[in-house]
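Accompanying notes for the structure given below.
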Amino acid sequence: MSTLTAPLPRTSPQDVRVDPTAVAGLLAALGRLDRVDSVMALRGGKVFAEQWWAGAAPTDDHVMWSVTKTFTATAVGMAIAEGRFAVTDHLVDLLPEDAATARALFAARREQGFLPEMFVDVAAAATRLEALEVRHALSMNTGHTRDTTGRLRVAMENGPSWTASILAEPAEHLPGTHFHYNSGASHLLSAVIQRHTGQSLRDYLTPRLFAPLGIETPQWLTDPGGLNTGGWGLRLRTEDQARFGQLLLQRGRWGETQLVPAEWVSEMFTAHSDNSACEWGIEAIQGYGYQAWKCSRGDAWRADGMFGQYVVVWPEHDVVIAVNAQMEGDMHQILAAIWQALPDAAFG
């Protein structure tokens with residue numbers, strides 16, 4: 001469990017020039033939605049609204065699901081800045097042992113008739129694997145048309161690492177040409193971090209990110225080989241999420257320290273993928289950066305997790321909004337409620 005060493009400063013909506021009526025409307029709208037646990041909204045780094053529902057409390061931590069991916073991308077940018085690897089490096093070069101296992105797995109499956117007919121051209125599929133770069137995993141442009149974590153149960157039962165099993169999933173398209181949301185891509189990034197820093201994602205980020213933000217030893221799931229799951233499994237409190245969002249809003253700066261290169265935050269919040277064919281609604285078709293989603297409103301971006309975890313970063317209004325939910329329906333109702341309750345006119 002994470003522990004906040006010093007809470008974020010609190011203020012009133014009026015003090016940060018936010019319409020209090022709009023804030024009341026936001027809290028009411030979120031409270032009417034199914035299983036929203038908490039919200040925290042900041043402007044200028046100060047909390048101007050927060051609410052917990054249905055027995056939830058500020059001390060509770062939550063599984064971040066795919067919000068985890070944005071933390072993984074942040075770690076990648078920090079490691080790149082340290083010279084550990086480059087965004088255009090090939091994954092087969094960065095993960096040579098797993099790549100060799102993946103090639104053998106692919107060949108064995110093809111011989112046993114387990115691959116779709118489209119992969120009769122083994123050489124073409126192998127070329128796609130060799131072309132896969134760090135930036136393709138970051139932008140969900142690996143060339144796959146399905147999530148490559150689908151065979152991980154096989155990996156757990158039969159021995160190959162999750163990393164090798166993901167790499168062994170043949171892609172239908174060349175990397176960089178086709179967007180498909182793929183948690184396996186995020187897990188490959190975790191493997192790259194561990195191999196090239198000698199530390200797990202959590203251990204790597206603890207002195208560089210978590211400790212400076214006041215988040216102590218958060219929990220993070222690991223795969224059977226000891227890798228932190230790159231695409232899900234980090235546990236944080238709502239205020240932890242808000243701090244992370246504020247860091248990104250400040251382009252990686254916290255106090256007097258540049259924790260994350262500003263250029264990297266800009267890259268994370270640049271649309272590297274065209275996700276306009278995604279069928280998850282208007283909030284899923286605005287563009288995809290490096291493990292982050294472009295929102296339908298203004299210049300807002302977000303970390304986005306299943307069941308309704310969000311870290312919304314809204315530079316236009318100097319606003320960060322963190323939400324935790326356990327919603328089983330359309331979780332984008334949360335974003336719709338935010339946009340409706342907080343029109344541009346709500347900010348002075």
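Order determines the names: the first chain of the structure tokens is A, the second B, and so forth; residues in each chain are numbered 1 upward, and ligands are numbered 1 upward as they are shown.
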
Note to self: Based on the backbone DSSP call, show me all residues of stretch 88-311 of chain A assigned strand (DSSP E or B), as an MDAnalysis selection string.
What the structure shows: chainID A and resid 90 133 215 220 222 228 234:237 253:254 257:258 273 288 293:294 301:305 309:311

For the selection just defined, write its residues with N, CA and C atoms to a file, as a PDB file, in the first residue's frame.
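Saved the output as selection.pdb:
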```
ATOM      1  N   HIS A  90      15.050  -1.892 -31.829  1.00  0.00           N
ATOM      2  CA  HIS A  90      14.205  -3.049 -32.112  1.00  0.00           C
ATOM      3  C   HIS A  90      14.095  -3.935 -30.873  1.00  0.00           C
ATOM      4  N   GLU A 133       9.659  -2.012 -33.051  1.00  0.00           N
ATOM      5  CA  GLU A 133      10.487  -1.073 -32.292  1.00  0.00           C
ATOM      6  C   GLU A 133       9.780  -0.655 -31.001  1.00  0.00           C
ATOM      7  N   ILE A 215       4.795   9.085  -2.843  1.00  0.00           N
ATOM      8  CA  ILE A 215       4.082   7.804  -2.916  1.00  0.00           C
ATOM      9  C   ILE A 215       5.078   6.714  -2.529  1.00  0.00           C
ATOM     10  N   TRP A 220       2.431  -3.644  -6.988  1.00  0.00           N
ATOM     11  CA  TRP A 220       2.382  -3.804  -8.450  1.00  0.00           C
ATOM     12  C   TRP A 220       2.461  -5.292  -8.744  1.00  0.00           C
ATOM     13  N   THR A 222       3.123  -8.878 -10.524  1.00  0.00           N
ATOM     14  CA  THR A 222       4.217  -9.396 -11.333  1.00  0.00           C
ATOM     15  C   THR A 222       3.749 -10.620 -12.107  1.00  0.00           C
ATOM     16  N   ASN A 228       7.108  -6.880 -13.377  1.00  0.00           N
ATOM     17  CA  ASN A 228       5.863  -6.150 -13.144  1.00  0.00           C
ATOM     18  C   ASN A 228       5.042  -6.131 -14.418  1.00  0.00           C
ATOM     19  N   LEU A 234      -0.844  -2.004 -11.166  1.00  0.00           N
ATOM     20  CA  LEU A 234      -0.352  -1.048 -10.179  1.00  0.00           C
ATOM     21  C   LEU A 234      -1.521  -0.634  -9.282  1.00  0.00           C
ATOM     22  N   ARG A 235      -1.265  -0.497  -7.987  1.00  0.00           N
ATOM     23  CA  ARG A 235      -2.298  -0.057  -7.041  1.00  0.00           C
ATOM     24  C   ARG A 235      -1.916   1.303  -6.472  1.00  0.00           C
ATOM     25  N   LEU A 236      -2.850   2.244  -6.550  1.00  0.00           N
ATOM     26  CA  LEU A 236      -2.608   3.596  -6.047  1.00  0.00           C
ATOM     27  C   LEU A 236      -3.869   4.146  -5.398  1.00  0.00           C
ATOM     28  N   ARG A 237      -3.683   5.182  -4.592  1.00  0.00           N
ATOM     29  CA  ARG A 237      -4.797   5.941  -4.063  1.00  0.00           C
ATOM     30  C   ARG A 237      -5.174   7.047  -5.036  1.00  0.00           C
ATOM     31  N   ARG A 253       7.828  18.206 -14.337  1.00  0.00           N
ATOM     32  CA  ARG A 253       8.521  18.951 -13.272  1.00  0.00           C
ATOM     33  C   ARG A 253       7.743  18.840 -11.964  1.00  0.00           C
ATOM     34  N   TRP A 254       8.471  18.603 -10.865  1.00  0.00           N
ATOM     35  CA  TRP A 254       7.859  18.539  -9.540  1.00  0.00           C
ATOM     36  C   TRP A 254       8.693  19.406  -8.604  1.00  0.00           C
ATOM     37  N   THR A 257      12.500  20.142  -9.356  1.00  0.00           N
ATOM     38  CA  THR A 257      13.178  19.022 -10.002  1.00  0.00           C
ATOM     39  C   THR A 257      12.433  18.576 -11.249  1.00  0.00           C
ATOM     40  N   GLN A 258      13.168  18.387 -12.337  1.00  0.00           N
ATOM     41  CA  GLN A 258      12.602  17.837 -13.564  1.00  0.00           C
ATOM     42  C   GLN A 258      12.713  16.320 -13.478  1.00  0.00           C
ATOM     43  N   SER A 273      -0.736   7.479 -33.159  1.00  0.00           N
ATOM     44  CA  SER A 273      -1.551   6.460 -33.808  1.00  0.00           C
ATOM     45  C   SER A 273      -2.913   7.033 -34.181  1.00  0.00           C
ATOM     46  N   TYR A 288      -4.072   8.420 -30.255  1.00  0.00           N
ATOM     47  CA  TYR A 288      -3.401   7.688 -29.186  1.00  0.00           C
ATOM     48  C   TYR A 288      -1.928   8.049 -29.200  1.00  0.00           C
ATOM     49  N   TRP A 293      -4.362   8.408 -23.994  1.00  0.00           N
ATOM     50  CA  TRP A 293      -5.458   8.672 -24.918  1.00  0.00           C
ATOM     51  C   TRP A 293      -5.742  10.168 -25.025  1.00  0.00           C
ATOM     52  N   LYS A 294      -5.949  10.642 -26.240  1.00  0.00           N
ATOM     53  CA  LYS A 294      -6.455  11.999 -26.462  1.00  0.00           C
ATOM     54  C   LYS A 294      -7.938  12.018 -26.157  1.00  0.00           C
ATOM     55  N   TRP A 301      -5.793  15.140 -22.323  1.00  0.00           N
ATOM     56  CA  TRP A 301      -5.336  13.760 -22.501  1.00  0.00           C
ATOM     57  C   TRP A 301      -5.627  13.000 -21.224  1.00  0.00           C
ATOM     58  N   ARG A 302      -5.522  11.667 -21.300  1.00  0.00           N
ATOM     59  CA  ARG A 302      -5.832  10.886 -20.098  1.00  0.00           C
ATOM     60  C   ARG A 302      -5.091   9.555 -20.065  1.00  0.00           C
ATOM     61  N   ALA A 303      -4.810   9.121 -18.848  1.00  0.00           N
ATOM     62  CA  ALA A 303      -4.549   7.720 -18.544  1.00  0.00           C
ATOM     63  C   ALA A 303      -5.912   7.101 -18.261  1.00  0.00           C
ATOM     64  N   ASP A 304      -6.123   5.883 -18.721  1.00  0.00           N
ATOM     65  CA  ASP A 304      -7.476   5.345 -18.841  1.00  0.00           C
ATOM     66  C   ASP A 304      -7.453   3.876 -18.453  1.00  0.00           C
ATOM     67  N   GLY A 305      -8.214   3.497 -17.406  1.00  0.00           N
ATOM     68  CA  GLY A 305      -8.217   2.125 -16.944  1.00  0.00           C
ATOM     69  C   GLY A 305      -9.603   1.514 -16.927  1.00  0.00           C
ATOM     70  N   GLN A 309     -11.066   3.955 -14.134  1.00  0.00           N
ATOM     71  CA  GLN A 309      -9.989   4.735 -13.506  1.00  0.00           C
ATOM     72  C   GLN A 309      -9.491   5.744 -14.533  1.00  0.00           C
ATOM     73  N   TYR A 310      -9.366   6.978 -14.116  1.00  0.00           N
ATOM     74  CA  TYR A 310      -8.898   8.018 -15.034  1.00  0.00           C
ATOM     75  C   TYR A 310      -7.915   8.951 -14.337  1.00  0.00           C
ATOM     76  N   VAL A 311      -6.960   9.424 -15.117  1.00  0.00           N
ATOM     77  CA  VAL A 311      -6.176  10.603 -14.773  1.00  0.00           C
ATOM     78  C   VAL A 311      -6.276  11.518 -15.984  1.00  0.00           C
TER      79      VAL A 311
END
```

Next item on the list: From the DSSP assignment of the backbone, select every residue of stretch 275-329 of chain A that is helix (DSSP H, G or I), and format the answer as number ranges by chain.
Entry: A: 282-284, 315-317

Check: Which neighbours of stretch 135-146 of chain A fall inside 8 Å, counting only C-alpha atoms, when residues of the same chain fewer than 3 positions from it are skipped, and could you give them as an MDAnalysis selection string?
Finding: chainID A and resid 73 87:88 128 132 170:182 185:186 188:189 272:273 288:291

Take the residues just selected and output them with N, CA and C atoms as a compact mmCIF listing (two decimals), in the first residue's frame.
```
# COMPACT_ATOMS: atom_id res chain seq x y z
N ALA A 73 4.96 3.92 -19.63
CA ALA A 73 5.51 4.81 -20.66
C ALA A 73 6.40 5.88 -20.05
N VAL A 87 14.08 4.99 -28.57
CA VAL A 87 12.70 4.71 -28.94
C VAL A 87 12.62 3.97 -30.27
N THR A 88 13.64 4.06 -31.09
CA THR A 88 13.66 3.36 -32.37
C THR A 88 14.44 2.04 -32.32
N ARG A 128 8.01 -9.06 -39.70
CA ARG A 128 7.25 -8.14 -38.85
C ARG A 128 7.78 -8.15 -37.42
N LEU A 132 9.76 -4.73 -35.22
CA LEU A 132 9.06 -4.14 -34.08
C LEU A 132 10.01 -3.29 -33.24
N PRO A 170 2.15 -13.83 -33.97
CA PRO A 170 2.41 -13.22 -35.27
C PRO A 170 1.49 -12.03 -35.55
N ALA A 171 2.04 -11.01 -36.15
CA ALA A 171 1.28 -9.80 -36.47
C ALA A 171 0.76 -9.88 -37.90
N GLU A 172 -0.45 -9.38 -38.08
CA GLU A 172 -1.06 -9.37 -39.41
C GLU A 172 -0.58 -8.22 -40.28
N HIS A 173 -0.04 -7.17 -39.65
CA HIS A 173 0.40 -5.98 -40.37
C HIS A 173 1.82 -5.64 -39.97
N LEU A 174 2.47 -4.85 -40.80
CA LEU A 174 3.78 -4.34 -40.43
C LEU A 174 3.66 -3.40 -39.23
N PRO A 175 4.59 -3.46 -38.28
CA PRO A 175 4.56 -2.51 -37.17
C PRO A 175 4.56 -1.07 -37.68
N GLY A 176 3.75 -0.25 -37.00
CA GLY A 176 3.66 1.16 -37.38
C GLY A 176 2.55 1.47 -38.36
N THR A 177 1.82 0.43 -38.80
CA THR A 177 0.79 0.66 -39.83
C THR A 177 -0.63 0.40 -39.35
N HIS A 178 -0.79 -0.13 -38.14
CA HIS A 178 -2.14 -0.52 -37.71
C HIS A 178 -2.26 -0.39 -36.19
N PHE A 179 -3.21 0.41 -35.72
CA PHE A 179 -3.47 0.56 -34.29
C PHE A 179 -4.38 -0.55 -33.80
N HIS A 180 -3.98 -1.17 -32.72
CA HIS A 180 -4.87 -2.07 -31.99
C HIS A 180 -4.44 -2.07 -30.52
N TYR A 181 -5.39 -1.81 -29.64
CA TYR A 181 -5.08 -1.73 -28.21
C TYR A 181 -4.63 -3.10 -27.71
N ASN A 182 -3.46 -3.15 -27.10
CA ASN A 182 -2.77 -4.41 -26.92
C ASN A 182 -1.95 -4.36 -25.63
N ALA A 185 1.77 -5.33 -25.63
CA ALA A 185 2.79 -4.34 -26.00
C ALA A 185 3.34 -3.64 -24.77
N SER A 186 2.46 -3.32 -23.82
CA SER A 186 2.89 -2.65 -22.59
C SER A 186 3.77 -3.57 -21.76
N LEU A 188 5.77 -5.86 -22.89
CA LEU A 188 7.09 -5.88 -23.52
C LEU A 188 7.94 -4.71 -23.04
N LEU A 189 7.31 -3.55 -22.83
CA LEU A 189 8.04 -2.39 -22.33
C LEU A 189 8.56 -2.63 -20.92
N HIS A 272 0.42 9.57 -31.91
CA HIS A 272 1.29 8.77 -32.77
C HIS A 272 0.52 7.71 -33.54
N SER A 273 -0.74 7.48 -33.16
CA SER A 273 -1.55 6.46 -33.81
C SER A 273 -2.91 7.03 -34.18
N TYR A 288 -4.07 8.42 -30.26
CA TYR A 288 -3.40 7.69 -29.19
C TYR A 288 -1.93 8.05 -29.20
N GLY A 289 -1.40 8.39 -28.03
CA GLY A 289 -0.01 8.80 -27.92
C GLY A 289 0.88 7.65 -27.50
N TYR A 290 1.69 7.87 -26.50
CA TYR A 290 2.50 6.82 -25.90
C TYR A 290 1.82 6.37 -24.62
N GLN A 291 0.98 5.33 -24.74
CA GLN A 291 0.24 4.76 -23.62
C GLN A 291 -0.67 5.81 -22.96
```

Margin query: So, with only C-alpha atoms as the atoms that count, which of A:Gln14, A:Arg84, A:His332, A:Asp37 lies closest to A:Trp53?
Written below: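 Comparing A:Gln14, A:Arg84, A:His332, A:Asp37 against A:Trp53, the winner is A:Asp37.
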
Shell of 9 Å around A:Leu33, only C-alpha atoms, local chain residues under 6 positions omitted, as an mmCIF file with N, CA, C and O atoms, in the first residue's frame:
```cif
data_model
loop_
_atom_site.group_PDB
_atom_site.id
_atom_site.type_symbol
_atom_site.label_atom_id
_atom_site.label_comp_id
_atom_site.auth_asym_id
_atom_site.auth_seq_id
_atom_site.Cartn_x
_atom_site.Cartn_y
_atom_site.Cartn_z
ATOM 1 N N MET A 327 -17.097 0.532 -12.479
ATOM 2 C CA MET A 327 -18.256 0.576 -13.356
ATOM 3 C C MET A 327 -18.265 -0.613 -14.318
ATOM 4 O O MET A 327 -17.252 -0.928 -14.939
ATOM 5 N N GLN A 333 -19.032 7.186 -19.622
ATOM 6 C CA GLN A 333 -20.032 8.058 -19.001
ATOM 7 C C GLN A 333 -19.371 9.031 -18.018
ATOM 8 O O GLN A 333 -19.858 10.137 -17.810
ATOM 9 N N ILE A 334 -18.288 8.588 -17.411
ATOM 10 C CA ILE A 334 -17.577 9.447 -16.453
ATOM 11 C C ILE A 334 -17.029 10.672 -17.164
ATOM 12 O O ILE A 334 -17.183 11.808 -16.698
#
```
